[in-house]
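Student: Would you mind keeping the following structure in view while I ask a few things?
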Amino acid sequence: MAGNLMTNVYLDEYLDYLGSRKYSEHTVNNYGKYVSAFLSHCEEQGVNPLEVNTLQVQIYIDSFEDKPPTANLIKNSLRSYYDYLCTVRQVIAVNPAAGAKGVKMETEEKEYLTADQVGTVLQLLDGVHRNRNRLIVALMSMDCLRISEVINIDLDDVNLYNRTIYIKGKGKRNRIAYMTDKMMDYMLAYLNDRDRKNPKSAALFPSQDGTGRIARTTIQSFLRKVEEETGMHLNPHKFRHTGATLAYQESNDLVAVQNLLGHENIESTKRYTHVSEENRRNLINNSPINAVL
């Protein structure tokens, strides 16, 4: 179909456009994959992709109802693509995906995510703060940090040589968090961004004006955007719960996991202090989340 040849040109232009808007390589690749699959579907159906209506888009999205996160990513990919054709290229008058609905997630909400779901969140964190936001999610899910612990990290608490972070824990129960190779990549990329801005704050994650610390609402806000795209229910504590659950499933070492969480009480602290540094390093290195960072 001749129309499809032109549509493929638009797809290439669209992906270049996303790149120019500083979307991450992950997002560009994912959007390209889902849009390309839809264009192939249109070709199989003998439909011009530039002439589809909302019902046709909706039927395609609904065909993935058994995979809600995928269906919702497809919806957002098509919405973004057709918005480009409508507002930037102006080759269509109306965005047919604008009124399409996503697929509802299962009503029973789990207390933790799968490793693949954490990977999806990381891929969708985009924009100028993507390095910061990915590092924050990695710290909450890999090192099981509370949102307050993330906010209170100072730049001086980070030891790049040892790949450790000194964590000022709840109730003055301080501990050491460890960084895997992939977490170090996130940290170095973020520190490069931070150095360019040269904030006055001692915080690892400064506030927008550079003088204080990042706000809870800022972290909750970027997670809410991913919620809207995927239908997953996200909050900072869920990542902490996820990291602990998956680490325990992998290690079956409840003592090490509770030590990782910093959940010691007066009596149990004596047991947790016998967990070696090597065991705790191995705990996060072996976490399934490390494979998707």
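Chains: A, B, ... in order of the structure tokens. Residues: from 1 per chain. Ligands: from 1, in order shown.
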Could you pull the residues within 12 Å of Pro69 in chain A, counting only C-alpha atoms, minus those fewer than 6 positions along the same chain, as a list of chain:residue names?
Tutor: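 Residues near the query, excluding close chain neighbours: A:Ile61, A:Asp62, A:Lys75, A:Asn76, A:Gly102, A:Val103, A:Lys104, A:Met105, A:Glu106, A:Asp116, A:Gln117, A:Val118, A:Gly119, A:Thr120, A:Val121, A:Leu124, A:Val226, A:Glu227, A:Glu228, A:Glu229, A:Thr230, A:Gly231, A:Met232, A:His233.
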Student: Would you give me, as number ranges by chain, the residues in range 11-174 of chain A that DSSP reads as alpha helix (DSSP H)?
Tutor: A: 11-20, 25-45, 54-62, 68-83, 115-124, 130-142, 147-151
Student: Identify, on the basis of only C-alpha atoms, every residue whose closest approach to Leu15 in chain A does not exceed 10 Å; exclude the query and any residue fewer than 6 positions from it along the same chain; express the result as a PyMOL selection string.
Tutor: chain A and resi 21+23+25+27-29+31-32+81
Student: Go through A:His129, A:Val94, A:Ala247, A:Gly210 and flag the residue nearest Asn198 in chain A, using only C-alpha atoms for the distances.
Tutor: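 Comparing A:His129, A:Val94, A:Ala247, A:Gly210 against Asn198 in chain A, the winner is A:Gly210.
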Student: Can you list, as a PyMOL selection string, all residues belonging to range 71-236 of chain A that DSSP tags as strand (DSSP E)?
Tutor: chain A and resi 158-159+164-167+175-178
Student: Which one of A:Leu293, A:Ala71, A:Val52, A:Val47 sits closest to Ile136 in chain A if you count only C-alpha atoms?
Tutor: A:Leu293
Student: One number please: CA of Tyr190 in chain A to CA of Val128 in chain A, in Å, one decimal.
Tutor: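 One can read the CA of Tyr190 in chain A to CA of Val128 in chain A distance as 10.5 Å.
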Student: Write out as a tab-separated table the residues of range 196-254 of chain A that have any atom within 10 Å of an atom of range 154-173 of chain A, one row each with the nearest atom pair and its distance in Å to one decimal, counting only C-alpha atoms, sorted by chain and then rising number.
Tutor:
```
residue	atom	partner	partner_atom	distance
A:Ser201	CA	A:Asp154	CA	8.8
A:Ala202	CA	A:Asp154	CA	5.6
A:Ala203	CA	A:Asp154	CA	4.2
A:Leu204	CA	A:Leu155	CA	4.4
A:Phe205	CA	A:Asp154	CA	7.8
A:Pro206	CA	A:Asp154	CA	9.3
A:Arg213	CA	A:Asp154	CA	9.4
```
Student: One number please: CA of Glu149 in chain A to CA of Gly262 in chain A, in Å, one decimal.
Tutor: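 Separation between CA of Glu149 in chain A and CA of Gly262 in chain A: 10.7 Å.
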Student: In terms of the shortest atom-to-atom distance over only C-alpha atoms, which of A:Gln58, A:Asn131, A:Thr242, A:Asn285 is closest to Tyr186 in chain A?
Tutor: A:Asn131
Student: Nearest to Asn235 in chain A among A:Leu50, A:Met184, A:Leu283, A:Leu223, with distances taken over only C-alpha atoms: which residue is it?
Tutor: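 Closest to Asn235 in chain A, using only C-alpha atoms: A:Leu223.
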Student: For Val257 in chain A, which residue out of A:Met142, A:Leu18, A:Leu135, A:Ala215 is the nearest one, using only C-alpha atoms?
Tutor: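 Selected residue with least distance to Val257 in chain A: A:Met142.
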